[in-house]
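Listing of input.tsv; format and content: TSV, C-alpha atoms.
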chain	number	residue	atom	x	y	z
A	255	MET	CA	124.30	161.26	64.16
A	256	THR	CA	123.65	164.01	66.68
A	257	PRO	CA	126.10	165.09	69.40
A	258	ALA	CA	123.77	163.54	71.97
A	259	ASP	CA	124.43	160.11	70.43
A	260	TRP	CA	128.13	160.53	70.98
A	261	LEU	CA	127.73	161.59	74.57
A	262	ASP	CA	125.09	159.24	75.85
A	263	ALA	CA	124.69	156.08	73.83
A	264	PRO	CA	126.95	153.06	73.78
A	265	VAL	CA	128.65	152.82	70.41
A	266	THR	CA	126.51	150.96	67.89
A	267	ALA	CA	127.91	148.93	65.04
A	268	ALA	CA	127.09	151.71	62.59
A	269	HIS	CA	129.18	154.19	64.57
A	270	VAL	CA	132.22	151.94	64.96
A	271	TRP	CA	133.68	153.11	61.65
A	272	ALA	CA	133.30	156.78	62.58
A	273	LEU	CA	135.03	156.09	65.88
A	274	ILE	CA	137.85	154.16	64.20
A	275	VAL	CA	138.46	157.07	61.83
A	276	LEU	CA	138.41	159.62	64.68
A	277	CYS	CA	140.83	157.55	66.76
A	278	GLY	CA	143.10	157.10	63.73
A	279	LEU	CA	143.04	160.79	62.88
A	280	GLY	CA	143.75	161.82	66.48
A	281	THR	CA	146.59	159.31	66.77
A	282	TRP	CA	148.07	160.51	63.47
A	283	LEU	CA	147.94	164.11	64.72
A	284	LEU	CA	149.89	163.07	67.84
A	285	ARG	CA	152.42	161.17	65.73
A	286	SER	CA	152.88	163.95	63.20
A	287	SER	CA	152.97	166.79	65.77
A	288	PHE	CA	156.71	167.33	65.38
A	289	ILE	CA	157.65	165.13	62.42
A	290	VAL	CA	155.28	166.96	60.05
A	291	VAL	CA	154.22	170.23	61.65
A	292	ALA	CA	157.26	171.42	63.58
A	293	GLY	CA	159.77	169.41	61.57
A	294	GLY	CA	161.53	172.38	60.01
A	295	ARG	CA	162.00	174.17	63.29
A	296	GLU	CA	164.86	173.99	65.72
A	297	LEU	CA	163.74	172.39	68.92
A	298	PRO	CA	164.28	174.58	71.96
A	299	ARG	CA	167.31	173.60	74.03
A	300	TRP	CA	165.28	172.57	77.06
A	301	MET	CA	163.36	170.20	74.83
A	302	THR	CA	166.35	168.49	73.21
A	303	ARG	CA	167.69	168.11	76.72
A	304	ALA	CA	164.47	166.62	78.06
A	305	LEU	CA	164.16	164.31	75.04
A	306	ARG	CA	167.37	162.54	76.01
A	307	TYR	CA	165.47	161.17	78.99
A	308	VAL	CA	162.36	160.12	77.05
A	309	PRO	CA	163.60	156.61	76.17
A	310	PRO	CA	164.71	155.55	79.68
A	311	ALA	CA	161.70	157.14	81.38
A	312	VAL	CA	159.01	155.91	78.94
A	313	LEU	CA	160.44	152.43	78.52
A	314	ALA	CA	160.77	151.99	82.29
A	315	ALA	CA	157.20	153.26	82.73
A	316	LEU	CA	156.07	150.58	80.24
A	317	VAL	CA	158.22	147.76	81.61
A	318	VAL	CA	158.22	148.03	85.40
A	319	PRO	CA	154.43	148.08	85.98
A	320	ALA	CA	154.01	145.16	83.54
A	321	LEU	CA	156.66	143.03	85.24
A	322	LEU	CA	155.48	143.86	88.77
A	323	GLN	CA	151.83	143.51	87.68
A	324	ALA	CA	151.31	146.89	89.29
A	325	ASP	CA	147.53	146.89	88.72
A	326	VAL	CA	147.12	144.00	91.17
A	327	LEU	CA	150.16	144.62	93.38
A	328	PHE	CA	149.36	144.06	97.09
A	329	SER	CA	146.16	142.23	96.12
A	330	PRO	CA	145.49	138.46	96.28
A	331	ALA	CA	145.38	138.36	92.47
A	332	TRP	CA	149.12	139.17	92.37
A	333	ASP	CA	151.16	136.35	91.04
A	334	TRP	CA	154.93	136.15	91.58
A	335	THR	CA	155.77	134.25	88.40
A	336	ARG	CA	155.87	137.28	86.07
A	337	THR	CA	158.03	139.34	88.41
A	338	ALA	CA	160.43	136.42	88.91
A	339	ALA	CA	160.59	135.68	85.17
A	340	GLY	CA	161.09	139.42	84.59
A	341	LEU	CA	164.12	139.43	86.90
A	342	VAL	CA	165.62	136.46	85.04
A	343	ALA	CA	164.92	138.20	81.71
A	344	ALA	CA	166.42	141.47	82.99
A	345	ALA	CA	169.71	139.65	83.68
A	346	VAL	CA	169.70	138.23	80.14
A	347	ALA	CA	168.67	141.62	78.70
A	348	LEU	CA	172.07	142.98	79.77
A	349	THR	CA	173.46	141.04	76.79
A	350	ARG	CA	171.11	143.19	74.62
A	351	ARG	CA	170.08	140.08	72.69
A	352	ILE	CA	166.34	140.31	72.16
A	353	VAL	CA	165.53	136.82	70.91
A	354	LEU	CA	167.65	135.24	73.66
A	355	THR	CA	165.88	137.41	76.24
A	356	LEU	CA	162.46	136.42	74.86
A	357	VAL	CA	163.31	132.71	74.87
A	358	VAL	CA	164.82	132.70	78.36
A	359	GLY	CA	162.09	134.99	79.73
A	360	MET	CA	159.27	132.81	78.39
A	361	ALA	CA	161.04	129.61	79.51
A	362	ALA	CA	161.44	131.12	82.99
A	363	LEU	CA	157.75	132.12	83.04
A	364	TRP	CA	156.58	128.63	82.03
A	365	THR	CA	158.97	127.01	84.55
A	366	PHE	CA	157.73	129.22	87.38
A	367	MET	CA	154.11	128.67	86.33
A	368	ALA	CA	154.70	124.90	86.45
A	369	LEU	CA	156.32	125.25	89.89
A	370	GLY	CA	153.74	127.61	91.34
B	39	MET	CA	196.34	145.86	62.36
B	40	THR	CA	197.27	146.05	58.68
B	41	ALA	CA	194.02	145.82	56.73
B	42	SER	CA	190.51	146.39	58.01
B	43	PRO	CA	187.89	143.82	57.05
B	44	PRO	CA	185.90	145.20	54.12
B	45	ALA	CA	182.50	144.09	55.39
B	46	ASP	CA	182.86	145.71	58.80
B	47	SER	CA	184.13	149.20	58.14
B	48	ARG	CA	184.14	151.15	54.91
B	49	PRO	CA	184.92	154.67	55.98
B	50	SER	CA	185.50	155.84	52.40
B	51	SER	CA	182.00	155.17	51.01
B	52	ALA	CA	178.94	156.31	52.95
B	53	PRO	CA	176.02	153.85	53.00
B	54	GLY	CA	173.36	154.42	50.32
B	55	ARG	CA	169.58	154.51	50.69
B	56	LEU	CA	169.08	150.79	50.26
B	57	ALA	CA	171.92	149.98	52.65
B	58	GLN	CA	170.37	152.24	55.28
B	59	MET	CA	166.94	150.68	54.74
B	60	VAL	CA	168.45	147.21	55.16
B	61	ALA	CA	170.25	148.42	58.28
B	62	GLY	CA	166.93	149.61	59.72
B	63	THR	CA	165.24	146.31	58.92
B	64	ARG	CA	168.11	144.35	60.43
B	65	ALA	CA	168.01	146.48	63.56
B	66	VAL	CA	164.28	145.94	64.02
B	67	SER	CA	164.18	142.24	63.07
B	68	PRO	CA	164.90	140.93	66.60
B	69	LEU	CA	161.80	142.82	67.78
B	70	ILE	CA	159.50	140.95	65.37
B	71	PRO	CA	158.89	137.89	67.62
B	72	GLY	CA	157.67	140.29	70.30
B	73	ILE	CA	154.98	141.97	68.18
B	74	LEU	CA	153.54	138.93	66.38
B	75	PRO	CA	151.79	137.44	69.42
B	76	PHE	CA	150.61	140.97	70.23
B	77	ALA	CA	149.01	141.26	66.77
B	78	LEU	CA	147.36	137.84	67.13
B	79	VAL	CA	146.06	138.70	70.59
B	80	SER	CA	144.67	142.07	69.53
B	81	ALA	CA	142.99	140.45	66.50
B	82	TYR	CA	141.40	137.93	68.84
B	83	ALA	CA	140.24	140.71	71.17
B	84	ALA	CA	138.70	142.64	68.25
B	85	LYS	CA	136.82	139.56	67.09
B	86	GLU	CA	135.58	138.87	70.61
B	87	ALA	CA	134.37	142.48	70.88
B	88	GLY	CA	132.11	141.88	67.88
B	89	LEU	CA	134.01	143.82	65.24
B	90	SER	CA	133.58	142.59	61.68
B	91	LEU	CA	136.63	141.47	59.75
B	92	ALA	CA	136.64	144.78	57.84
B	93	GLN	CA	136.28	146.81	61.05
B	94	ALA	CA	139.05	144.87	62.80
B	95	MET	CA	141.38	145.40	59.83
B	96	GLY	CA	140.27	149.03	59.66
B	97	LEU	CA	141.25	149.49	63.28
B	98	ALA	CA	144.64	147.88	62.68
B	99	THR	CA	145.37	149.97	59.58
B	100	VAL	CA	143.77	153.32	60.50
B	101	VAL	CA	144.87	153.49	64.16
B	102	PHE	CA	147.86	151.09	63.99
B	103	ALA	CA	148.83	151.24	67.67
B	104	GLY	CA	148.53	147.95	69.51
B	105	ALA	CA	147.93	149.00	73.10
B	106	SER	CA	145.29	151.55	72.11
B	107	GLN	CA	143.63	149.06	69.73
B	108	MET	CA	143.26	146.65	72.65
B	109	ALA	CA	141.79	149.44	74.79
B	110	PHE	CA	139.43	150.42	71.96
B	111	VAL	CA	137.93	146.94	71.60
B	112	SER	CA	137.73	146.13	75.29
B	113	LEU	CA	136.00	149.45	76.03
B	114	LEU	CA	133.68	148.86	73.07
B	115	ALA	CA	132.81	145.42	74.39
B	116	SER	CA	132.05	146.85	77.82
B	117	GLY	CA	129.59	149.35	76.31
B	118	ALA	CA	131.62	152.50	76.87
B	119	VAL	CA	130.51	155.75	75.23
B	120	ALA	CA	132.41	157.08	72.23
B	121	PRO	CA	134.10	160.10	73.92
B	122	VAL	CA	135.63	157.83	76.57
B	123	ILE	CA	136.94	155.43	73.94
B	124	LEU	CA	138.40	158.28	71.87
B	125	ALA	CA	139.98	159.96	74.90
B	126	THR	CA	141.47	156.69	76.13
B	127	VAL	CA	143.01	155.92	72.75
B	128	LEU	CA	144.54	159.40	72.56
B	129	VAL	CA	145.90	159.32	76.11
B	130	ILE	CA	147.51	155.92	75.52
B	131	ASN	CA	149.07	157.31	72.33
B	132	LEU	CA	150.22	160.63	73.84
B	133	ARG	CA	153.70	159.15	74.12
B	134	MET	CA	153.85	159.43	70.32
B	135	VAL	CA	154.29	163.20	70.72
B	136	MET	CA	157.51	162.56	72.60
B	137	TYR	CA	158.66	160.08	69.95
B	138	SER	CA	157.69	162.53	67.21
B	139	ALA	CA	159.70	165.33	68.80
B	140	ALA	CA	162.73	163.09	69.25
B	141	LEU	CA	162.68	161.89	65.63
B	142	ALA	CA	161.70	165.19	63.93
B	143	PRO	CA	165.23	166.69	63.77
B	144	HIS	CA	166.46	163.54	62.00
B	145	LEU	CA	163.63	163.30	59.45
B	146	ARG	CA	163.57	167.00	58.58
B	147	ALA	CA	165.09	166.52	55.12
B	148	ALA	CA	162.13	164.54	53.73
B	149	PRO	CA	159.21	166.25	51.93
B	150	ALA	CA	156.05	166.88	53.96
B	151	TRP	CA	153.98	164.05	52.43
B	152	GLN	CA	156.73	161.57	53.22
B	153	ARG	CA	156.95	162.88	56.77
B	154	GLY	CA	153.17	162.44	57.04
B	155	LEU	CA	153.56	158.82	55.97
B	156	MET	CA	156.48	158.23	58.32
B	157	ALA	CA	154.48	159.75	61.18
B	158	TYR	CA	151.64	157.34	60.40
B	159	MET	CA	154.03	154.40	60.77
B	160	LEU	CA	155.51	155.60	64.08
B	161	THR	CA	155.57	152.87	66.74
B	162	ASP	CA	157.40	152.21	70.01
B	163	GLN	CA	159.68	149.77	68.22
B	164	ALA	CA	160.42	151.91	65.14
B	165	PHE	CA	161.13	154.85	67.43
B	166	ALA	CA	163.40	152.93	69.78
B	167	VAL	CA	165.43	151.33	66.99
B	168	SER	CA	165.93	154.45	64.89
B	169	VAL	CA	166.48	156.95	67.71
B	170	THR	CA	169.17	154.65	69.10
B	171	ARG	CA	170.88	154.57	65.69
B	172	PHE	CA	170.56	158.33	65.18
B	173	THR	CA	171.97	159.07	68.64
B	174	ASP	CA	174.92	156.72	68.11
B	175	ALA	CA	175.69	158.09	64.62
B	176	PRO	CA	174.21	161.61	64.29
B	177	ASP	CA	175.78	162.14	60.84
B	178	THR	CA	174.59	158.91	59.23
B	179	PRO	CA	173.08	159.63	55.76
B	180	HIS	CA	169.55	158.82	54.52
B	181	LYS	CA	168.05	158.71	58.00
B	182	ALA	CA	164.51	158.60	56.61
B	183	TRP	CA	165.36	155.37	54.77
B	184	LEU	CA	166.79	153.81	57.90
B	185	TYR	CA	163.58	154.76	59.72
B	186	LEU	CA	161.45	153.33	56.90
B	187	GLY	CA	163.50	150.13	56.92
B	188	ALA	CA	162.49	149.68	60.55
B	189	ALA	CA	158.91	151.02	60.42
B	190	LEU	CA	157.63	149.43	57.19
B	191	PRO	CA	158.24	145.74	58.08
B	192	LEU	CA	156.58	146.35	61.45
B	193	TRP	CA	153.54	147.85	59.70
B	194	LEU	CA	153.33	145.02	57.14
B	195	LEU	CA	153.71	142.22	59.66
B	196	TRP	CA	151.23	143.86	62.02
B	197	GLN	CA	148.60	143.85	59.24
B	198	VAL	CA	149.45	140.32	58.04
B	199	PHE	CA	149.31	138.83	61.52
B	200	THR	CA	146.16	140.73	62.45
B	201	LEU	CA	144.52	139.32	59.33
B	202	ALA	CA	145.92	135.85	60.05
B	203	GLY	CA	144.58	136.04	63.60
B	204	LEU	CA	141.14	137.04	62.32
B	205	LEU	CA	140.94	134.55	59.45
B	206	LEU	CA	142.33	131.50	61.15
B	207	GLY	CA	140.60	132.42	64.36
B	208	ALA	CA	143.98	131.56	65.76
B	209	ARG	CA	143.39	131.80	69.43
B	210	VAL	CA	146.52	132.11	71.50
B	211	PRO	CA	145.57	130.40	74.76
B	212	PRO	CA	145.88	133.04	77.49
B	213	GLU	CA	147.45	130.48	79.85
B	214	TRP	CA	150.52	130.43	77.59
B	215	GLY	CA	151.15	133.98	78.74
B	216	LEU	CA	152.53	135.04	75.35
B	217	ASP	CA	151.54	138.64	76.14
B	218	PHE	CA	154.54	138.54	78.50
B	219	THR	CA	156.80	138.91	75.44
B	220	VAL	CA	155.67	142.55	75.13
B	221	PRO	CA	157.29	143.84	78.36
B	222	LEU	CA	160.26	141.59	77.59
B	223	VAL	CA	160.78	143.46	74.32
B	224	PHE	CA	160.60	146.82	76.09
B	225	LEU	CA	163.05	145.49	78.69
B	226	VAL	CA	165.69	144.79	76.05
B	227	LEU	CA	165.13	148.29	74.63
B	228	LEU	CA	165.45	149.83	78.10
B	229	VAL	CA	168.95	148.45	78.74
B	230	PRO	CA	170.85	150.49	76.11
B	231	ALA	CA	168.73	153.57	76.94
B	232	ILE	CA	170.43	153.67	80.35
B	233	ARG	CA	173.78	155.14	79.41
B	234	ASP	CA	174.75	157.19	82.46
B	235	ARG	CA	173.67	158.08	85.98
B	236	PRO	CA	171.00	160.68	85.05
B	237	SER	CA	169.34	158.30	82.57
B	238	ALA	CA	169.40	155.51	85.17
B	239	GLU	CA	167.68	157.83	87.64
B	240	ALA	CA	165.15	158.81	84.95
B	241	ALA	CA	164.33	155.11	84.46
B	242	ILE	CA	164.01	154.43	88.20
B	243	VAL	CA	161.71	157.42	88.74
B	244	GLY	CA	159.72	156.73	85.55
B	245	GLY	CA	159.17	153.09	86.44
B	246	GLY	CA	158.52	153.81	90.12
B	247	VAL	CA	155.93	156.53	89.54
B	248	ALA	CA	154.20	154.42	86.87
B	249	VAL	CA	153.91	151.57	89.41
B	250	LEU	CA	152.58	153.85	92.16
B	251	LEU	CA	150.01	155.41	89.80
B	252	ALA	CA	149.04	152.16	88.05
B	253	GLY	CA	145.56	152.42	89.58
B	254	LEU	CA	144.77	155.64	87.72
B	255	PRO	CA	142.27	155.32	84.88
B	256	TYR	CA	143.04	155.71	81.16
B	257	ASN	CA	146.62	154.51	81.48
B	258	LEU	CA	147.53	157.91	82.99
B	259	GLY	CA	150.12	156.23	85.23
B	260	LEU	CA	152.26	155.53	82.16
B	261	MET	CA	152.13	159.18	81.03
B	262	LEU	CA	152.73	160.67	84.47
B	263	GLY	CA	155.50	158.18	85.24
B	264	ALA	CA	157.22	159.03	81.95
B	265	LEU	CA	156.94	162.79	82.58
B	266	ALA	CA	158.25	162.42	86.15
B	267	GLY	CA	161.18	160.34	84.89
B	268	ILE	CA	162.04	162.90	82.20
B	269	ALA	CA	161.89	165.81	84.67
B	270	TRP	CA	164.04	163.89	87.15
B	271	GLY	CA	166.57	163.05	84.42
B	272	VAL	CA	166.97	166.71	83.45
B	273	TRP	CA	167.32	167.68	87.10
B	274	ALA	CA	169.87	164.90	87.71
B	275	GLU	CA	171.90	166.08	84.71
B	276	ASP	CA	171.86	169.66	86.06
B	277	ARG	CA	172.99	168.42	89.44
B	278	ARG	CA	175.83	166.39	87.89
B	279	ASP	CA	176.98	169.31	85.73
B	280	ARG	CA	176.99	171.69	88.70
B	281	ARG	CA	178.99	169.20	90.74
B	282	ARG	CA	181.53	168.80	87.92
B	283	ALA	CA	181.85	172.56	87.50
B	284	ARG	CA	182.45	172.95	91.23
B	285	ARG	CA	185.08	170.20	91.20
B	286	ASP	CA	186.87	171.73	88.21
B	287	ARG	CA	186.91	175.13	89.93
B	288	SER	CA	188.35	173.72	93.14
B	289	GLU	CA	191.02	171.80	91.17
B	290	ARG	CA	192.08	175.00	89.43
B	291	GLU	CA	192.38	176.73	92.80
B	292	VAL	CA	194.58	173.96	94.18
B	293	ARG	CA	196.85	173.77	91.11
B	294	PRO	CA	196.99	177.11	89.39
Whole structure, structure tokens version:
Amino acid sequence: MTPADWLDAPVTAAHVWALIVLCGLGTWLLRSSFIVVAGGRELPRWMTRALRYVPPAVLAALVVPALLQADVLFSPAWDWTRTAAGLVAAAVALTRRIVLTLVVGMAALWTFMALG
Amino acid sequence: MTASPPADSRPSSAPGRLAQMVAGTRAVSPLIPGILPFALVSAYAAKEAGLSLAQAMGLATVVFAGASQMAFVSLLASGAVAPVILATVLVINLRMVMYSAALAPHLRAAPAWQRGLMAYMLTDQAFAVSVTRFTDAPDTPHKAWLYLGAALPLWLLWQVFTLAGLLLGARVPPEWGLDFTVPLVFLVLLVPAIRDRPSAEAAIVGGGVAVLLAGLPYNLGLMLGALAGIAWGVWAEDRRDRRRARRDRSEREVRP
């Protein structure tokens, strides 16, 4: 396989395996960046400080666009049921009970879908 | 308040490896219902994209990151070129660097090959569960076993349900909207992550920026939203600390 194949051609079945391995290797390098490579080192203070805000910031960046359906927000494809069910689920999530939140959230979604 | 219940608190004996592994598994078990439909759906998407059974399982075992697996197969199906697929997968998984950095200080005691294996099994769920535990109890022993107790069942079930989805051809009807359980899982994880005002502001900014930038390609909105939220959180903490210091100073001046 020449570099030109990688740049120009759609991936053929024969190249899928090579691409899977590359994606896996790259993802492992990201995952191991600190756990394996920098694991023995003290993290700089600014970093330990910033890391305290990784969970709230990342989780909110995952959750809020999904619940608001941000990719179709302000377009006719937007559908209120997921946002409404998300608000119901958010209230239940305050109990920190995951299964309960899943059950109530899905029940709310199906109810709103039946209504709308 | 005469005797403490033995099952609840045993301050004299620290938990062993197995106990910590069980604790990790117990902590992660409520997240399982959220990932199973995700595994079935991504198996279905891989099959639809024309991957063979071996390739679909290879993707699930070699890459082992749901959102990027879905991006991989949908880009493949749309005839995207390899560099775009690779870059997209890596951008979606960039958040793993942040998880890796947060977990590294706690997993430092393990030998390198074990850390390599633990890194391979790193997921949103394993990270969230174990970092919460480690933050609550920084001196808990056998942290690597607690992490493994959370990460290993997730890995196993992901593979089993991917295979089940491929073999049975189990097609979750999209109109059921079972993919909605994924943000619901992250929602329950988000609640305990908001512990004070700066972390609440980090969440608001992170979520807000991710919504505003949702139109950006390659899932960049997620990354940029997260980075904006983190920066805002640090700034908000600085601001709070300065305000406290000022208040303490003025109180000392009033009452010497």
Select residues of chain A: the criterion is any atom within 7 Å of an atom of chain B, counting all atoms listed in the file; output as an mmCIF file with C-alpha atoms, in the frame of the given file.
data_model
loop_
_atom_site.group_PDB
_atom_site.id
_atom_site.type_symbol
_atom_site.label_atom_id
_atom_site.label_comp_id
_atom_site.auth_asym_id
_atom_site.auth_seq_id
_atom_site.Cartn_x
_atom_site.Cartn_y
_atom_site.Cartn_z
ATOM 1 C CA TRP A 260 128.130 160.530 70.980
ATOM 2 C CA LEU A 261 127.730 161.590 74.570
ATOM 3 C CA ASP A 262 125.090 159.240 75.850
ATOM 4 C CA ALA A 263 124.690 156.080 73.830
ATOM 5 C CA PRO A 264 126.950 153.060 73.780
ATOM 6 C CA VAL A 265 128.650 152.820 70.410
ATOM 7 C CA TRP A 271 133.680 153.110 61.650
ATOM 8 C CA LEU A 273 135.030 156.090 65.880
ATOM 9 C CA ILE A 274 137.850 154.160 64.200
ATOM 10 C CA VAL A 275 138.460 157.070 61.830
ATOM 11 C CA CYS A 277 140.830 157.550 66.760
ATOM 12 C CA GLY A 278 143.100 157.100 63.730
ATOM 13 C CA GLY A 280 143.750 161.820 66.480
ATOM 14 C CA THR A 281 146.590 159.310 66.770
ATOM 15 C CA TRP A 282 148.070 160.510 63.470
ATOM 16 C CA LEU A 284 149.890 163.070 67.840
ATOM 17 C CA ARG A 285 152.420 161.170 65.730
ATOM 18 C CA SER A 286 152.880 163.950 63.200
ATOM 19 C CA SER A 287 152.970 166.790 65.770
ATOM 20 C CA PHE A 288 156.710 167.330 65.380
ATOM 21 C CA ILE A 289 157.650 165.130 62.420
ATOM 22 C CA VAL A 290 155.280 166.960 60.050
ATOM 23 C CA GLY A 293 159.770 169.410 61.570
ATOM 24 C CA GLY A 294 161.530 172.380 60.010
ATOM 25 C CA ARG A 303 167.690 168.110 76.720
ATOM 26 C CA ALA A 304 164.470 166.620 78.060
ATOM 27 C CA LEU A 305 164.160 164.310 75.040
ATOM 28 C CA TYR A 307 165.470 161.170 78.990
ATOM 29 C CA VAL A 308 162.360 160.120 77.050
ATOM 30 C CA PRO A 309 163.600 156.610 76.170
ATOM 31 C CA PRO A 310 164.710 155.550 79.680
ATOM 32 C CA ALA A 311 161.700 157.140 81.380
ATOM 33 C CA VAL A 312 159.010 155.910 78.940
ATOM 34 C CA LEU A 313 160.440 152.430 78.520
ATOM 35 C CA ALA A 314 160.770 151.990 82.290
ATOM 36 C CA ALA A 315 157.200 153.260 82.730
ATOM 37 C CA LEU A 316 156.070 150.580 80.240
ATOM 38 C CA VAL A 317 158.220 147.760 81.610
ATOM 39 C CA VAL A 318 158.220 148.030 85.400
ATOM 40 C CA PRO A 319 154.430 148.080 85.980
ATOM 41 C CA ALA A 320 154.010 145.160 83.540
ATOM 42 C CA LEU A 321 156.660 143.030 85.240
ATOM 43 C CA ALA A 324 151.310 146.890 89.290
ATOM 44 C CA ASP A 325 147.530 146.890 88.720
ATOM 45 C CA ALA A 344 166.420 141.470 82.990
ATOM 46 C CA ALA A 347 168.670 141.620 78.700
ATOM 47 C CA LEU A 348 172.070 142.980 79.770
ATOM 48 C CA ARG A 350 171.110 143.190 74.620
ATOM 49 C CA ILE A 352 166.340 140.310 72.160
ATOM 50 C CA VAL A 353 165.530 136.820 70.910
ATOM 51 C CA LEU A 356 162.460 136.420 74.860
#
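From atom CA of A:Ala272 back to atom CA of B:Gln197, the distance works out to 20.3 Å.
The spacing separating atom CA of B:Ser80 from atom CA of A:Thr266 amounts to 20.3 Å.
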Computed interatomic separation between atom CA of B:Pro176 and atom CA of A:Leu283 (Å): 26.4 Å
Which residue out of A:Leu322, A:Val291, A:Met301, A:Ala368 has the minimum interatomic distance to A:Ala338 when all atoms listed in the file are used? A:Leu322
Which polymer residues have any atom within 8 Å of an atom of B:Val66, counting all atoms listed in the file, with same-chain residues fewer than 6 positions away left out, as a count of residues only? 4
